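K.L.:
Before I ask anything, here is the structure I am working with.
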Amino acid sequence: MPYGYNGKILHVNLTDASWEVEEPGEVWYRTYVGGSSLAAYYLLKHIKAGIDPLSEDNVLVFACSVVTGAPLSGFSRYTVAAKSPLTGGFGEAEAGGYFGPELKFAGFDAIVFYGRSSKPAYLWIHDDDVEIRDAANLWGKDNWETLEGLREELGDKRIRVASIGPAGERLIPFACVQNDLEHFNGRAGMGAVMGSKNLKAVAVRGKQKLEMADPDSVKEIRHWHNERFKVHPPNVGLSKVGTSGLVKGLNQAGILPTHNFKYGEFKGVDKIDAEAYHGTIYHSSGTCYSCAVKCKRRVALEDDAYPLDPRFGGPEYEALGCLGSLLEIDNLPAIARANQICNLMGLDAISTGCVVAFAMECFEHGILNTEDTGGKALEFGDADAMLWLIEEMVNQRGIGKILSQGVKKAAAAIGRGADKYAFHIKGSELPVHDGRGKTGMALGYALSPTADHVETPHDTAFAANVTNLLPLGILEPVQPLDTDAAKARYFSLGQKAWGLNNCYGICNFCSVPIHAMTFTRLVEAIKAITGWETSLFEILRVSERSNVMARMFNNREGFGPADDRVIRRWHEPMPDGPLKGQRIDPKEFRAAVEMYYEISGWDKDGKPTPGKLTDLNLEWLIDNDDTGAGEAVSSSA
Ligand code: SF4
């Protein structure tokens, strides 16, 4: 048996309720390792270009990595990936918690789903045994009822469940997947893909022990890592107040998106920041498997209007921004209530908040009016209007049904110039970091396959000190407001460094390049777990390979250089606040994007060249322009 992983991938055909186990060899595992990388491999192999993401032709991957489940802080994440119903491109989302490690303990490194079940079903994996079971009694239930129902049915309180709520069943394209009610594969609509397959949940339970190549070294690294959390400033803050601590800092820097990305400063920030949070709704801290940071937050409030239950998770930074400042809402209990509704119903809080912000700005400009909303005013700052609209979206009523398609499609359906206020990149709504104040992050949004914020390090973190980046060859501080050659170089290197966390399934908050891990110790950890004589060179290539595979997937689907952009508002001067007048110059930004193509070995159309594909062991993707292999898995076990 290999060290750190099982060597087994489970392939499940939901159409004929069959399954089989693949056992790729060590070379394959060392090439694709897990997470977004492993998922991209299967999406490219088995999805034909141009398919409907909500059809049975889509392929859905749950992927741990070769190191998931090792007893180190942050080594707990897994990826869910498929063609995105929100963007039509590569879709992936990562979550922490306990589900990923439990899947490993149950005997598998990843699950690949094909086809569609004829009726609601769930997958039950327990110590190598696999069952596809009837989920008719769970269909229509929220995530809490689903978890409780499965615990009762399977007679085990310790099962781990990844499930969808009604939003996924109703195919809302920004529906998410959740586990344990407080960990979310939030982005890109992976919940809708599960819903389209009639797959309500995946339940796992395993008692198998993962063998480590060098358990003593793993133990030593764990001790070092956990001691460092106590003194490494970003981790000290995370342990103390979770990600709510970012709210005030981003506001002070003028990059807390406010009023549908118009401003970067929120006047009501004192009512939603970490101090307000911990003085009012905070209940307790939560964590993920084996993690000493404990950054998760639970909230509680006995209140008729905005009751909060600690079982259903507390808002993190992105939810505080998307359901708060972006809407100019400073009512913290209402924000937390909206977050809990998203969690129970299975909506991505980021897209949900962005859609509400879009609707409010359309209302402000008379593009939407009370005739469209059945009499409801949708004004910035109105917490009850936000909650009303979320319910309308979940229940697919009236204007809520139109808006629930995401801002891009909703703007097209509404017309009347609504697209002017529909802020998205590649069809995806944006997390809340204003690119005018950190242009490396803006490049990340433009060039990430999923327009996400976890695929590039925030340049503000390196404005004064690049100690953590020295092993990458970044030797001088990064200027957050510049868009020049130095920024393109920093972004290219930083993207690889940050991206490896999604390949190895490691939490950014425990890892390189900002938090307590160092590159040297990370390489040592992977070596101690797997026994591979690996290096920084090899793991950065894993990250680059993953990014290139996702790029190839998007190119196949028709995405090109015009999609590598930021939103109109970031090319306009910031109207107010600390960054008043700051904008991203479109020509400079385009030059930086084109420089990135050249650095990366991509051609002028943003396509990785045959040479680059060969360099990354991806020659099988040369000339793979229009089809995946489309190989169905059909044999039963
Ligand atoms: S730092 Fe927070 S999100 Fe990351 S693994 Fe630990 S508890 Fe989970």
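Letters for chains follow the order of the structure tokens (A, B, ...), residue numbers begin at 1 for each chain, and ligand numbers begin at 1 in the order shown.
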Could you list, as a list in words, every residue within 8 Å of Leu430 of chain A, counting only C-alpha atoms and ignoring same-chain residues fewer than 6 positions away?

P.N.:
Ile350, Ser351, Cys354, Phe423, His424, Ala451 and Asp452 of chain A

K.L.:
Which residues form the shell of 9 Å around ligand 1 when you count only C-alpha atoms and all ligand atoms, given as number ranges by chain?

P.N.:
A: 73-77, 95-97, 183, 235, 238-239, 242-243, 285-296, 506-511

K.L.:
Write out as a PyMOL selection string all residues of segment 443-497 of chain A that backbone DSSP assigns to alpha helix (DSSP H).

P.N.:
chain A and resi 443-447+485-497

K.L.:
Counting only C-alpha atoms, which of A:Ser448, A:Thr614, A:Thr352, A:Ser543 gets nearest to Pro173 of chain A?

P.N.:
A:Thr352

K.L.:
Between A:Phe363, A:Phe261, A:Trp124, A:Phe380, which residue has the minimum interatomic distance to Leu103 of chain A, considering only C-alpha atoms?

P.N.:
A:Trp124

K.L.:
Return the single residue from A:Lys104, A:Arg541, A:Lys527, A:Arg436 that is closest to Pro257 of chain A, with distances computed using only C-alpha atoms.

P.N.:
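Closest to Pro257 of chain A, using only C-alpha atoms: A:Arg436.
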
K.L.:
Give the answer as one residue: which of A:Leu43, A:Val161, A:Ala167, A:Val177 has the shortest atom-to-atom distance to Gly140 of chain A, using only C-alpha atoms?

P.N.:
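Ranked by minimum distance to Gly140 of chain A, first place goes to A:Ala167.
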
K.L.:
Determine, counting only C-alpha atoms, which protein, DNA and RNA residues have an atom within 8 Å of an atom of Asp330 of chain A; residues of the same chain fewer than 3 positions away are not included. Present the result as a count of residues only.

P.N.:
8

K.L.:
Have a look at A:Pro166, A:Pro457, A:Pro480, A:Gly581 and name the one nearest to Leu500 of chain A; count only C-alpha atoms.

P.N.:
A:Pro457

K.L.:
Select, from A:Gly531, A:Gly89, A:Gly206, A:Gly168, the residue with the minimum atom-to-atom distance to Phe108 of chain A, counting only C-alpha atoms.

P.N.:
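Nearest candidate to Phe108 of chain A out of A:Gly531, A:Gly89, A:Gly206, A:Gly168: A:Gly206.
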
K.L.:
Go ahead and compute the interatomic distance for atom CA of Pro53 of chain A and atom CA of Ala188 of chain A, in Å to one decimal.

P.N.:
11.1 Å

K.L.:
Excluding Ile9 of chain A and any residue of its chain fewer than 4 positions from it, enumerate the residues within 10 Å of it, using only C-alpha atoms, and give them as an NGL selection string.

P.N.:
:A and (20-24 or 62-63 or 107-112)

K.L.:
Which of segment 208-408 of chain A end up as strand (DSSP E) when DSSP is run on this backbone - answer as a ChimeraX atom specification?

P.N.:
/A:282-286,296-299
